[in-house]
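Worksheet for the structure shown next.
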Amino acid sequence: MTTALRRYPVLVALCLAALFMIVPFLIVTVNAVKSPSEYSRHGPLSLPHGLYLDGLKDFWQRVDYTQKLINSTVVSGSVAVLATALSVLNAYAIGIGRIRGRTWVLAFFVLANMVPQEALVYPLYYLSKQAGLYDTRLSVIIVFTVIQSAFGTYLLSSVLGQFPREIIEAARIDGANKWQILVRIVVPVSRPTLGVLLVFFFIWTWNEFLLPLVMLVSNDNQTVSVALGVLQGQRLMDATMTNAAALLGVLPAIVFFLVFQRTLTRGIAVGAVK
């Protein structure tokens, strides 16, 4: 063991990090399929003697989880696509277009990422009321598209700032305009990085709680994370149903991550090579 630690310290560290991330998920999964009596008798670390699925079924019906799942998927998917597209347009103007005051514009996006969401709650609430968008999924999509694109613009601007100028000049000589250069050259070359942003934006938006809690008050519009918090605050649930709720809340994001794992790995590897 000591020899392995000395020879492969990075590998050991990664294994320990994976262990610390997997163990809590396994505990939640085990307790989600355990009956309340079995949980109270043997504790949270015991293995179930059978599959008790009533907690999952009761939670699914109590919060109308199908509708919440649709809401979260629509909001997160829309934000991921729109924020990535907006980030590309902004970064194209800053990184390749070389607009005036580029440094100050990037500084603005950095500051935008540092603003806590708590400071945005009242202004966004007031503006959505005035615009007639309060308690609509569109309001949350607009807000998070802007928030996520601030980070995406900052990241892509540094990437596109290193884009080979020879390729751009060759395309211009061939008669390509700015839109054709963006669509046919910049976007295909930057596709791995865009895939990484798409995955991150989806997962980040899926896990958001504060702003959706304030902006979405009706049951028909609430997302999964809001439904979990509101339900636990209003109604008493046993420990197994709480674990069932946590499992159903995090499982879609894990599935999405696993489906797009190759995209994420390829994007990180390409960025490292560059």
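By order of appearance in the structure tokens: chains A, B, ..., then residues from 1 within every chain, and ligands from 1 in the order shown.
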Exercise. Per DSSP on the backbone, filter stretch 62-225 of chain A down to the residues in alpha helix (DSSP H) and report them as a VMD selection string.
Key: chain A and resid 62 65 to 91 102 to 114 121 to 131 137 to 160 165 to 173 178 to 181 187 to 189 191 to 206 210 to 215 224 to 225
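The space separating atom CA of A:Val121 from atom CA of A:Ser76 comes to 19.2 Å.
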Can you pull out the residues contacting A:Ile141? Cut-off 8 Å, using only C-alpha atoms, and skip same-chain residues under 5 positions away; I want them as a short mmCIF file (atom, residue, chain, number, x, y, z; two decimals) with all heavy atoms, in the first residue's frame.
data_model
loop_
_atom_site.label_atom_id
_atom_site.label_comp_id
_atom_site.auth_asym_id
_atom_site.auth_seq_id
_atom_site.Cartn_x
_atom_site.Cartn_y
_atom_site.Cartn_z
N VAL A 75 -36.53 23.68 -18.88
CA VAL A 75 -35.75 24.84 -18.44
C VAL A 75 -34.26 24.61 -18.62
O VAL A 75 -33.55 25.44 -19.21
CB VAL A 75 -36.08 25.17 -16.96
CG1 VAL A 75 -35.12 26.22 -16.43
CG2 VAL A 75 -37.51 25.65 -16.82
N SER A 76 -33.75 23.48 -18.13
CA SER A 76 -32.32 23.21 -18.21
C SER A 76 -31.85 23.03 -19.65
O SER A 76 -30.79 23.55 -20.04
CB SER A 76 -31.98 21.96 -17.40
OG SER A 76 -32.34 22.11 -16.05
N SER A 78 -33.29 24.25 -22.42
CA SER A 78 -33.37 25.53 -23.12
C SER A 78 -32.23 26.45 -22.72
O SER A 78 -31.61 27.11 -23.56
CB SER A 78 -34.72 26.21 -22.82
OG SER A 78 -35.79 25.40 -23.23
N VAL A 79 -31.94 26.50 -21.41
CA VAL A 79 -30.85 27.36 -20.93
C VAL A 79 -29.51 26.87 -21.50
O VAL A 79 -28.68 27.69 -21.92
CB VAL A 79 -30.81 27.37 -19.39
CG1 VAL A 79 -29.54 28.03 -18.89
CG2 VAL A 79 -32.02 28.10 -18.85
#
Practice problem: Considering only C-alpha atoms, state which residue in the set A:Arg137, A:Lys34, A:Lys57, A:Arg41 is at the smallest distance from A:Ser218. | Solution: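 Using only C-alpha atoms, the shortest distance to A:Ser218 belongs to A:Arg137.
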Self-check item: Near-A:Thr153 list (9 Å; only C-alpha atoms; drop same-chain fewer than 6 positions) as a VMD selection string
Solution: chain A and resid 84 86 to 92 94 106 109
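Compared by their closest atoms to A:Ser128, and using only C-alpha atoms, the residues A:Ala150, A:Leu211, A:Ser72, A:Leu251 rank with A:Leu211 nearest.
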Exercise. For A:Ala32, list every protein, DNA or RNA residue within 10 Å, evaluated using only C-alpha atoms, and leave out those in the same chain fewer than 2 positions away; present the list as a VMD selection string.
Key: chain A and resid 26 to 30 34 to 36 39 48 51 to 56 239 to 248
Print the selection's residues with C-alpha atoms to a file, as a CSV table (one decimal), in the first residue's frame.
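Written out: selection.csv:
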chain,number,residue,atom,x,y,z
A,26,LEU,CA,-25.0,4.5,-2.6
A,27,ILE,CA,-26.3,5.2,0.9
A,28,VAL,CA,-29.1,7.3,-0.5
A,29,THR,CA,-30.0,4.6,-3.0
A,30,VAL,CA,-30.0,1.9,-0.3
A,34,LYS,CA,-35.8,0.4,2.5
A,35,SER,CA,-39.0,0.3,4.4
A,36,PRO,CA,-39.5,2.8,7.3
A,39,TYR,CA,-34.8,1.9,8.6
A,48,PRO,CA,-32.4,-3.8,2.9
A,51,LEU,CA,-37.1,-3.8,-2.4
A,52,TYR,CA,-39.5,-1.4,-0.8
A,53,LEU,CA,-40.7,0.9,-3.6
A,54,ASP,CA,-43.7,2.5,-1.9
A,55,GLY,CA,-41.5,5.5,-0.9
A,56,LEU,CA,-40.6,6.2,-4.5
A,239,ALA,CA,-36.6,9.0,6.2
A,240,THR,CA,-37.1,6.5,3.4
A,241,MET,CA,-39.2,8.9,1.4
A,242,THR,CA,-36.7,11.7,1.9
A,243,ASN,CA,-34.0,9.4,0.5
A,244,ALA,CA,-36.4,8.5,-2.4
A,245,ALA,CA,-36.9,12.2,-3.1
A,246,ALA,CA,-33.1,12.8,-3.1
A,247,LEU,CA,-32.6,9.9,-5.4
A,248,LEU,CA,-35.2,11.0,-7.9
Quiz item: Neighbours of A:Glu208 within 10 Å (only C-alpha atoms; same-chain residues fewer than 3 positions away dropped), as JSON, numbers by chain?
Solution: {"A": [72, 76, 144, 203, 204, 205, 211, 212, 213, 223, 224, 225, 226]}
